[in-house]
Structures are given as C-alpha cells and as structure tokens.
$ cat work.cif   # mmCIF, C-alpha atoms
data_model
#
loop_
_atom_site.label_atom_id
_atom_site.label_comp_id
_atom_site.auth_asym_id
_atom_site.auth_seq_id
_atom_site.Cartn_x
_atom_site.Cartn_y
_atom_site.Cartn_z
CA MET A 1 -61.52 42.86 238.02
CA ASP A 2 -63.47 43.42 241.24
CA GLY A 3 -63.00 45.66 244.25
CA ILE A 4 -62.88 49.17 245.69
CA ILE A 5 -60.50 52.00 244.83
CA PRO A 6 -60.36 55.32 246.71
CA ILE A 7 -59.61 57.82 243.93
CA TYR A 8 -58.45 61.40 244.42
CA LYS A 9 -60.78 63.58 242.33
CA PRO A 10 -59.17 66.93 241.43
CA ARG A 11 -61.09 70.17 241.07
CA GLY A 12 -62.46 70.81 237.60
CA MET A 13 -63.62 67.24 236.97
CA THR A 14 -67.09 65.81 237.44
CA SER A 15 -67.54 62.48 239.21
CA HIS A 16 -68.82 61.12 235.90
CA ASP A 17 -65.56 62.25 234.24
CA VAL A 18 -63.63 60.14 236.75
CA VAL A 19 -65.77 57.05 236.06
CA PHE A 20 -65.42 57.59 232.28
CA GLN A 21 -61.63 57.74 232.52
CA LEU A 22 -61.46 54.73 234.83
CA ARG A 23 -63.42 52.62 232.36
CA LYS A 24 -60.69 53.32 229.81
CA ILE A 25 -57.81 52.84 232.27
CA LEU A 26 -59.11 49.57 233.77
CA LYS A 27 -60.68 48.38 230.50
CA THR A 28 -64.00 47.47 232.12
CA LYS A 29 -67.46 49.06 231.97
CA LYS A 30 -68.81 47.90 235.34
CA ILE A 31 -67.65 50.88 237.42
CA GLY A 32 -69.58 53.25 239.68
CA HIS A 33 -68.92 55.80 242.42
CA THR A 34 -70.45 56.00 245.88
CA GLY A 35 -71.29 59.67 246.26
CA THR A 36 -71.05 62.57 243.82
CA LEU A 37 -68.49 65.33 244.28
CA ASP A 38 -69.30 68.63 242.55
CA PRO A 39 -66.80 69.73 239.88
CA GLU A 40 -65.18 72.38 242.08
CA VAL A 41 -64.79 70.00 245.03
CA ASP A 42 -61.72 67.78 245.36
CA GLY A 43 -61.01 64.80 247.56
CA VAL A 44 -61.86 61.14 248.11
CA LEU A 45 -64.20 59.54 245.58
CA LEU A 46 -64.82 55.88 246.34
CA ILE A 47 -65.06 53.73 243.22
CA CYS A 48 -66.60 50.26 243.00
CA VAL A 49 -65.42 47.95 240.23
CA GLY A 50 -67.04 44.76 238.94
CA ARG A 51 -68.98 42.77 241.54
CA ALA A 52 -68.14 45.38 244.18
CA THR A 53 -70.75 47.64 242.54
CA LYS A 54 -73.31 45.51 244.42
CA ILE A 55 -72.31 47.23 247.67
CA SER A 56 -72.22 50.82 246.39
CA ASP A 57 -75.55 51.66 248.05
CA TYR A 58 -74.21 50.52 251.43
CA MET A 59 -71.08 52.61 251.07
CA MET A 60 -73.15 55.69 250.20
CA ASN A 61 -74.79 55.42 253.63
CA THR A 62 -71.50 55.77 255.49
CA GLY A 63 -70.30 58.99 257.08
CA LYS A 64 -68.04 61.46 255.31
CA THR A 65 -65.56 64.08 256.48
CA TYR A 66 -64.97 67.44 254.77
CA VAL A 67 -62.78 70.48 255.21
CA ALA A 68 -64.65 73.60 254.08
CA GLN A 69 -63.74 77.26 253.89
CA ILE A 70 -66.52 79.62 254.90
CA THR A 71 -66.63 83.24 253.76
CA LEU A 72 -68.81 85.53 255.87
CA GLY A 73 -70.39 88.66 254.38
CA ILE A 74 -71.12 87.42 250.83
CA GLN A 75 -74.18 85.44 249.70
CA THR A 76 -74.36 83.62 246.36
CA THR A 77 -77.10 81.96 244.28
CA THR A 78 -75.55 78.49 244.66
CA GLU A 79 -74.40 78.87 248.30
CA ASP A 80 -70.80 78.31 247.14
CA GLN A 81 -68.07 80.18 245.27
CA THR A 82 -69.38 79.17 241.83
CA GLY A 83 -72.59 81.20 242.08
CA GLU A 84 -73.49 84.80 241.37
CA VAL A 85 -73.18 87.22 244.29
CA ILE A 86 -76.67 88.34 245.30
CA HIS A 87 -76.13 90.02 248.70
CA ILE A 88 -73.30 91.73 250.56
CA ASP A 89 -73.35 92.41 254.29
CA HIS A 90 -71.87 95.92 254.41
CA SER A 91 -72.34 96.02 258.18
CA LEU A 92 -70.13 92.98 258.86
CA PRO A 93 -67.06 95.02 259.97
CA GLU A 94 -69.27 96.86 262.49
CA LYS A 95 -70.53 93.59 263.97
CA PHE A 96 -67.01 92.45 264.82
CA LYS A 97 -65.26 95.80 265.46
CA ASN A 98 -65.51 95.60 269.28
CA LEU A 99 -64.10 92.06 269.40
CA ASN A 100 -60.45 91.05 269.25
CA ASN A 101 -59.36 88.01 267.24
CA HIS A 102 -59.57 85.65 270.21
CA GLU A 103 -63.10 86.82 271.06
CA ILE A 104 -64.23 86.45 267.43
CA GLU A 105 -62.91 82.89 267.32
CA ASP A 106 -64.56 82.00 270.64
CA TYR A 107 -67.84 83.43 269.36
CA ILE A 108 -67.63 81.38 266.14
CA ASP A 109 -66.62 78.21 268.02
CA SER A 110 -69.60 78.53 270.36
CA LYS A 111 -71.97 78.73 267.39
CA LEU A 112 -70.34 75.78 265.60
CA LYS A 113 -71.04 73.52 268.60
CA THR A 114 -74.77 74.15 268.26
CA PHE A 115 -74.79 72.29 264.93
CA ILE A 116 -73.60 68.96 266.35
CA GLY A 117 -76.37 66.38 266.24
CA GLU A 118 -79.40 66.10 264.00
CA ILE A 119 -80.21 69.35 262.17
CA GLU A 120 -82.74 70.41 259.57
CA GLN A 121 -81.67 71.53 256.11
CA ILE A 122 -83.43 72.80 253.01
CA PRO A 123 -81.51 71.66 249.90
CA PRO A 124 -80.11 74.49 247.75
CA MET A 125 -81.99 75.43 244.59
CA TYR A 126 -78.91 74.53 242.55
CA SER A 127 -78.93 70.83 243.48
CA ALA A 128 -80.04 67.51 241.99
CA VAL A 129 -82.79 66.91 244.56
CA LYS A 130 -86.01 66.09 242.71
CA VAL A 131 -89.36 67.80 243.33
CA ASN A 132 -92.36 66.66 241.27
CA GLY A 133 -90.07 64.65 239.02
CA ARG A 134 -87.74 67.54 238.18
CA LYS A 135 -84.35 68.44 239.63
CA LEU A 136 -84.19 71.66 241.65
CA TYR A 137 -81.51 73.16 239.43
CA GLU A 138 -83.92 72.88 236.49
CA TYR A 139 -86.39 75.11 238.36
CA ALA A 140 -83.56 77.49 239.29
CA ARG A 141 -82.32 77.85 235.71
CA ASN A 142 -85.85 78.70 234.56
CA ASN A 143 -86.37 81.15 237.47
CA GLU A 144 -89.30 79.04 238.67
CA ALA A 145 -90.29 79.03 242.33
CA VAL A 146 -90.91 75.67 244.01
CA GLU A 147 -91.26 74.54 247.61
CA ARG A 148 -88.18 72.60 248.64
CA PRO A 149 -88.52 69.60 250.96
CA LYS A 150 -86.90 69.86 254.38
CA ARG A 151 -84.63 67.04 255.46
CA GLN A 152 -82.98 65.89 258.68
CA VAL A 153 -79.23 65.28 258.49
CA MET A 154 -76.66 64.25 261.06
CA ILE A 155 -73.58 66.28 262.02
CA TYR A 156 -71.33 64.04 264.11
CA ASP A 157 -68.67 66.67 264.73
CA ILE A 158 -67.74 70.14 263.56
CA LYS A 159 -64.78 72.26 264.54
CA ARG A 160 -62.80 75.24 263.30
CA GLN A 161 -59.48 74.32 261.69
CA SER A 162 -57.90 77.68 261.00
CA GLN A 163 -57.61 81.21 262.28
CA VAL A 164 -60.42 83.62 261.43
CA LEU A 165 -59.03 86.03 258.87
CA ASN A 166 -60.33 89.47 257.94
CA ALA A 167 -59.87 89.50 254.15
CA GLU A 168 -60.73 91.58 251.11
CA TYR A 169 -63.34 90.41 248.59
CA HIS A 170 -63.06 92.04 245.17
CA LEU A 171 -66.15 92.31 242.97
CA ASP A 172 -66.80 94.56 239.95
CA GLY A 173 -63.94 96.87 240.86
CA GLU A 174 -65.11 97.25 244.46
CA CYS A 175 -63.45 95.87 247.60
CA TYR A 176 -65.46 94.49 250.52
CA SER A 177 -64.42 93.36 254.00
CA VAL A 178 -65.16 89.68 254.72
CA TYR A 179 -64.11 87.07 257.26
CA THR A 180 -62.94 83.56 256.29
CA PHE A 181 -62.12 80.41 258.25
CA ASP A 182 -61.86 76.67 257.68
CA ILE A 183 -63.97 74.03 259.42
CA GLU A 184 -63.86 70.23 259.53
CA ILE A 185 -67.21 68.45 259.41
CA GLU A 186 -68.01 64.80 260.05
CA CYS A 187 -71.49 64.22 258.71
CA GLY A 188 -74.01 61.65 257.58
CA LYS A 189 -75.61 60.95 254.23
CA GLY A 190 -77.46 63.78 252.48
CA THR A 191 -75.70 66.69 254.21
CA TYR A 192 -75.19 69.78 252.04
CA VAL A 193 -72.02 71.44 253.36
CA ARG A 194 -72.68 74.61 251.35
CA THR A 195 -76.09 74.89 252.98
CA LEU A 196 -74.42 74.30 256.35
CA ALA A 197 -72.10 77.22 255.56
CA THR A 198 -75.08 79.54 255.09
CA GLN A 199 -76.67 78.21 258.28
CA ILE A 200 -73.50 78.93 260.23
CA ALA A 201 -73.39 82.45 258.80
CA GLU A 202 -77.01 82.98 259.83
CA ALA A 203 -76.20 81.82 263.36
CA LEU A 204 -73.46 84.47 263.37
CA ASN A 205 -76.04 87.13 262.41
CA THR A 206 -74.71 87.63 258.91
CA ILE A 207 -74.69 85.98 255.46
CA GLY A 208 -72.08 83.73 253.91
CA HIS A 209 -71.17 80.98 251.50
CA MET A 210 -68.85 77.98 251.18
CA SER A 211 -65.80 79.19 249.28
CA LYS A 212 -63.83 75.92 249.10
CA LEU A 213 -64.48 72.23 249.89
CA THR A 214 -62.40 69.06 250.13
CA ARG A 215 -63.71 65.61 251.05
CA THR A 216 -61.00 64.20 253.30
CA LYS A 217 -62.65 60.92 254.25
CA SER A 218 -65.38 58.65 252.89
CA ALA A 219 -66.33 55.62 254.99
CA GLN A 220 -62.96 54.58 256.47
CA PHE A 221 -60.95 55.73 253.43
CA LYS A 222 -58.85 58.86 253.97
CA LEU A 223 -57.36 61.34 251.50
CA SER A 224 -53.95 59.76 252.17
CA ASP A 225 -55.35 56.39 251.00
CA SER A 226 -56.41 57.80 247.64
CA ILE A 227 -54.70 57.29 244.31
CA THR A 228 -54.69 59.65 241.34
CA LEU A 229 -55.96 58.73 237.90
CA LYS A 230 -52.49 59.43 236.50
CA ASP A 231 -50.76 57.04 238.89
CA LEU A 232 -53.36 54.33 238.22
CA SER A 233 -52.99 54.73 234.45
CA GLU A 234 -49.22 54.18 234.68
CA MET A 235 -49.57 50.85 236.53
CA THR A 236 -49.41 47.40 235.02
CA ILE A 237 -52.61 45.31 235.07
CA GLU A 238 -51.18 43.29 237.96
CA GLU A 239 -50.42 46.46 239.94
CA GLN A 240 -53.93 47.77 239.26
CA ASN A 241 -55.43 44.52 240.52
CA ASN A 242 -53.32 44.76 243.67
CA THR A 243 -54.66 48.29 244.23
CA LEU A 244 -58.26 47.03 244.34
CA LEU A 245 -59.51 46.36 247.85
CA PRO A 246 -61.99 43.50 248.44
CA LYS A 247 -65.66 44.41 248.81
CA GLU A 248 -65.51 43.47 252.51
CA TYR A 249 -63.62 46.74 253.15
CA GLY A 250 -66.70 48.66 252.11
CA LEU A 251 -68.92 46.73 254.54
CA ARG A 252 -66.80 47.03 257.69
CA HIS A 253 -69.16 49.61 259.18
CA MET A 254 -72.00 47.08 259.24
CA PRO A 255 -72.82 44.34 261.79
CA THR A 256 -71.29 40.98 260.82
CA ILE A 257 -71.83 37.30 261.60
CA GLN A 258 -69.36 34.52 260.77
CA LEU A 259 -71.37 31.54 259.49
CA ASN A 260 -70.80 27.85 260.07
CA GLU A 261 -70.66 25.55 257.04
CA HIS A 262 -74.28 24.39 257.43
CA LEU A 263 -75.69 27.95 257.37
CA PHE A 264 -73.32 29.01 254.60
CA LYS A 265 -74.83 26.42 252.24
CA ARG A 266 -78.31 27.82 252.88
CA VAL A 267 -77.36 31.51 252.87
CA GLN A 268 -75.61 31.36 249.50
CA TYR A 269 -78.98 30.47 247.98
CA GLY A 270 -80.76 33.30 249.79
CA GLN A 271 -83.03 31.03 251.86
CA LYS A 272 -85.19 32.46 254.65
CA LEU A 273 -83.90 31.28 258.02
CA LYS A 274 -85.19 31.06 261.58
CA ARG A 275 -83.40 33.27 264.11
CA SER A 276 -82.95 30.24 266.33
CA LEU A 277 -80.41 28.83 263.84
CA PHE A 278 -78.04 31.68 264.81
CA GLU A 279 -78.12 31.06 268.59
CA ASP A 280 -74.60 29.64 268.77
CA LEU A 281 -73.06 32.36 266.60
CA THR A 282 -71.72 35.83 267.47
CA LEU A 283 -72.88 39.17 266.07
CA LYS A 284 -70.18 41.86 265.90
CA VAL A 285 -71.08 45.54 265.71
CA LEU A 286 -69.07 48.77 265.91
CA ASP A 287 -70.01 51.40 268.48
CA SER A 288 -69.67 55.16 267.90
CA SER A 289 -65.96 54.95 268.85
CA GLN A 290 -65.36 52.14 266.32
CA ASN A 291 -64.91 49.58 269.10
CA VAL A 292 -66.16 46.05 268.41
CA ILE A 293 -69.08 44.89 270.56
CA GLN A 294 -70.09 41.23 270.53
CA THR A 295 -73.59 39.95 271.17
CA TYR A 296 -75.82 37.01 270.25
CA ALA A 297 -76.35 36.60 266.51
CA ASN A 298 -80.02 35.71 266.92
CA LEU A 299 -80.57 39.30 268.18
CA MET A 300 -79.97 40.68 264.66
CA GLU A 301 -81.90 43.96 264.34
CA ASP A 302 -80.52 45.64 261.23
CA GLU A 303 -79.09 44.72 257.86
CA THR A 304 -76.19 42.40 258.68
CA VAL A 305 -73.31 41.03 256.63
CA LEU A 306 -73.10 37.24 256.77
CA MET A 307 -69.51 36.05 256.31
CA TYR A 308 -67.96 32.67 255.61
CA ASP A 309 -64.20 32.19 255.68
CA ASN A 310 -63.87 36.01 255.98
CA THR A 311 -65.76 36.54 252.71
CA ALA A 312 -69.07 38.40 252.54
CA VAL A 313 -71.71 35.94 251.35
CA ALA A 314 -74.91 37.95 251.77
CA ILE A 315 -76.69 40.74 253.60
CA TYR A 316 -79.62 39.58 255.72
CA MET A 317 -82.26 41.47 257.70
CA PRO A 318 -85.25 40.66 259.94
CA ASP A 319 -88.41 39.71 258.05
CA GLN A 320 -90.97 42.53 258.26
CA GLU A 321 -93.92 40.16 258.66
CA ASP A 322 -92.41 37.49 260.93
CA ASP A 323 -89.75 38.67 263.41
CA SER A 324 -88.69 35.06 264.09
CA ILE A 325 -87.37 34.90 260.51
CA VAL A 326 -84.42 36.62 258.81
CA ARG A 327 -84.30 36.99 255.03
CA ALA A 328 -81.81 37.87 252.32
CA LYS A 329 -81.56 41.49 251.20
CA LYS A 330 -78.63 40.83 248.85
CA VAL A 331 -76.64 37.71 247.98
CA PHE A 332 -73.10 37.99 246.57
CA ASN A 333 -72.87 35.21 243.98
#
$ encode --input "work.cif" --output "structure tokens"
Amino acid sequence: MDGIIPIYKPRGMTSHDVVFQLRKILKTKKIGHTGTLDPEVDGVLLICVGRATKISDYMMNTGKTYVAQITLGIQTTTEDQTGEVIHIDHSLPEKFKNLNNHEIEDYIDSKLKTFIGEIEQIPPMYSAVKVNGRKLYEYARNNEAVERPKRQVMIYDIKRQSQVLNAEYHLDGECYSVYTFDIEIECGKGTYVRTLATQIAEALNTIGHMSKLTRTKSAQFKLSDSITLKDLSEMTIEEQNNTLLPKEYGLRHMPTIQLNEHLFKRVQYGQKLKRSLFEDLTLKVLDSSQNVIQTYANLMEDETVLMYDNTAVAIYMPDQEDDSIVRAKKVFN
C-alpha cells in the first residue's frame, strides 16, 4: 500500500493520533504526515503511506492555506485560545469609537496588506522550535527565559474573510469588549499563524490572539479533497487502495523532466550525469500562477523530478562542486 491521502483532522486530536489510527485502519506501519496540526486546529493533514513517505520532506516545503479567527483586545500565553489570558486592552473600545464599521474594516484591510511578502517572526514560547537542544515549550513550562531565534517566512496572500464584529469576552465573571474577524492566509513553510495574529494586532495598535484556525489547503490538496478517518475505516481494502493518490501528486509543484530510455537506465541507479546529456529534453516548471513554463532541461537549477513513463524515478540537483554535473538527491526504487 503506497500513496498519499489528504485526511481531515478534527479538533481535539493530535497529528500523531491520526497517524496511530491510520496504522490500524490501513494495517501498515509505514505512515507519516507532512506538517503537524495542533490539537485544537482542524483541516487538511496530508498523509504519506508506504514508499510515498520518501517524498514527505518535499511536501512539507509546499505552501499552505489557513482560515483564522483573530480576537483583538485579549493576549494569551500561547498566542491562541488555549493559553492563559495575560493582558486585556481596556482601551480598545475607545480606539475604534470614532470609526463606523466600514471605516474599521478599511483600516484593518490596509494593515493586512502590509504583511504580504517576506516577514520576520519570532516563534512563540509554546512551540516545538528547539533552542540549545531543548524545545521552547520546555523552557516555557519551567518559566525559564531564553532568546528565541528570529526567522523569515513568506506570506503569499492575506485577506479578511468576514465582517469585523464587536463581541463580548467573558472571563472570571467579567465581560470585556473585543473585536473579532476571520482572515485567509496563504503562506510558506514555518509560518506561525498565531504569531501572525499577534503581529496584526500590534499593527492595529492593540493586542490580540488567534481564537480559531482551520487549514483549508496543503500543497494542492483542499479541504474538499479530504477524507475522514471514519469514512476510510468503513471502506474495503480495494476502496482504500483506490483512495491513495500516487506519489507524483505530491511532487507536482517541482520542476520535472521526462527522460528518454537511455537516461532512465542510468538515473534509476543514481549515476552522476553531465548536463549535456539533457540538451534534447524539456524542463517544465510552474510559475507563481501555476502556469507551466517550458525551458531547456540542461538549464536545471533546483531539485528536479526526473520522470519516465509519467512515473517519478528520482530527484536530481546540480552538483555543488562541478556545475556541469547533476547528481541524485533521492532515487525511488
């Protein structure tokens, strides 16, 4: 049993829980996911089964799309709804009192646009990022201070998806005025959406947290493509096998070259090859709009999927020491 399954992960389950259940449902141990979803986050969790686990790293590098709810006026320890409230912006109603709903939404939209492109983030203390061999959440649980590494992440698009609502937030018998709205984010690997929520709040001259999150797309797989664990468990073995998508689906975002028979015989053994051998072949890449661009295969610059008879044979890349040579990064035997 080999292939890719987009699974719908419900809230309340860890990504490891999903993998554990799938091993029982599919009766195989070789299963892995391509990007952790926190327990209180639902949405698309891409699963690799069997030999498809060889491409999990490449699928992790693909973009993802989320729908998040942001609550302005409340700050938490974890930057999301699961943490302890540590600050309340009592002045928030005053900041918006001279603006009507349309003006508030225009103000928020103008700030959201400033986050498109490469931005800097500091991972939250309650995260699995390692510093000096320990995960940040281990420092947080022990109330230990540690300098967190900054990282650059890519926001491809961000837009508001709902009206901005003035709501009530109840805490310890008290009621506080907050504002909530939903946003859709298309982002690259390593983006912390809950951190982005706090950054957006800061840009709006207040505090905030992410109060809900759904992953709606991972690589090219949408929420509507996903299957539930329950539905999968009720299928026959044949139906389950038909649900698995070939590993090539998980590599469609990468440049590809269709090999001739002569090169195929050499590539399947992972041999180093001269660029000149690819002169008569075509390299296909996707631009930012997902349009196919064709160029000369000997101009290979990045990790490239080498195909034969529409099957991925290997991933090759330019040799770091001799640019006239390309070498195998991974061979699918």
$ resolve_selection --input "work.cif" --expression "the PyMOL selection byres ((chain A and resi 270) around 8)" --output "ChimeraX atom specification"
/A:266-269,271-272,314,327-328,330-331
$ atom_distance --input "work.cif" --atom1 "CA of Lys130 in chain A" --atom2 "CA of Gly190 in chain A"
13.2 Å
$ closest_residue --input "work.cif" --among "A:Ile88, A:Leu244, A:Gly133, A:Asp42" --to "Glu174 in chain A" --atoms "all atoms listed in the file"
A:Ile88
$ closest_residue --input "work.cif" --among "A:Glu261, A:Asp231, A:Glu186, A:Glu303" --to "Val67 in chain A" --atoms "all atoms listed in the file"
A:Glu186
$ closest_atom_pairs --input "work.cif" --of "range 60-95 of chain A" --to "range 134-147 of chain A" --cutoff "12 Å" --atoms "all atoms listed in the file" --output "CSV"
residue,atom,partner,partner_atom,distance
A:Thr77,CA,A:Ala140,CA,9.3
A:Thr78,CA,A:Tyr137,CA,9.6
A:Gly83,CA,A:Ala140,CA,11.9
$ atom_distance --input "work.cif" --atom1 "CA of Cys175 in chain A" --atom2 "CA of Leu92 in chain A"
13.4 Å
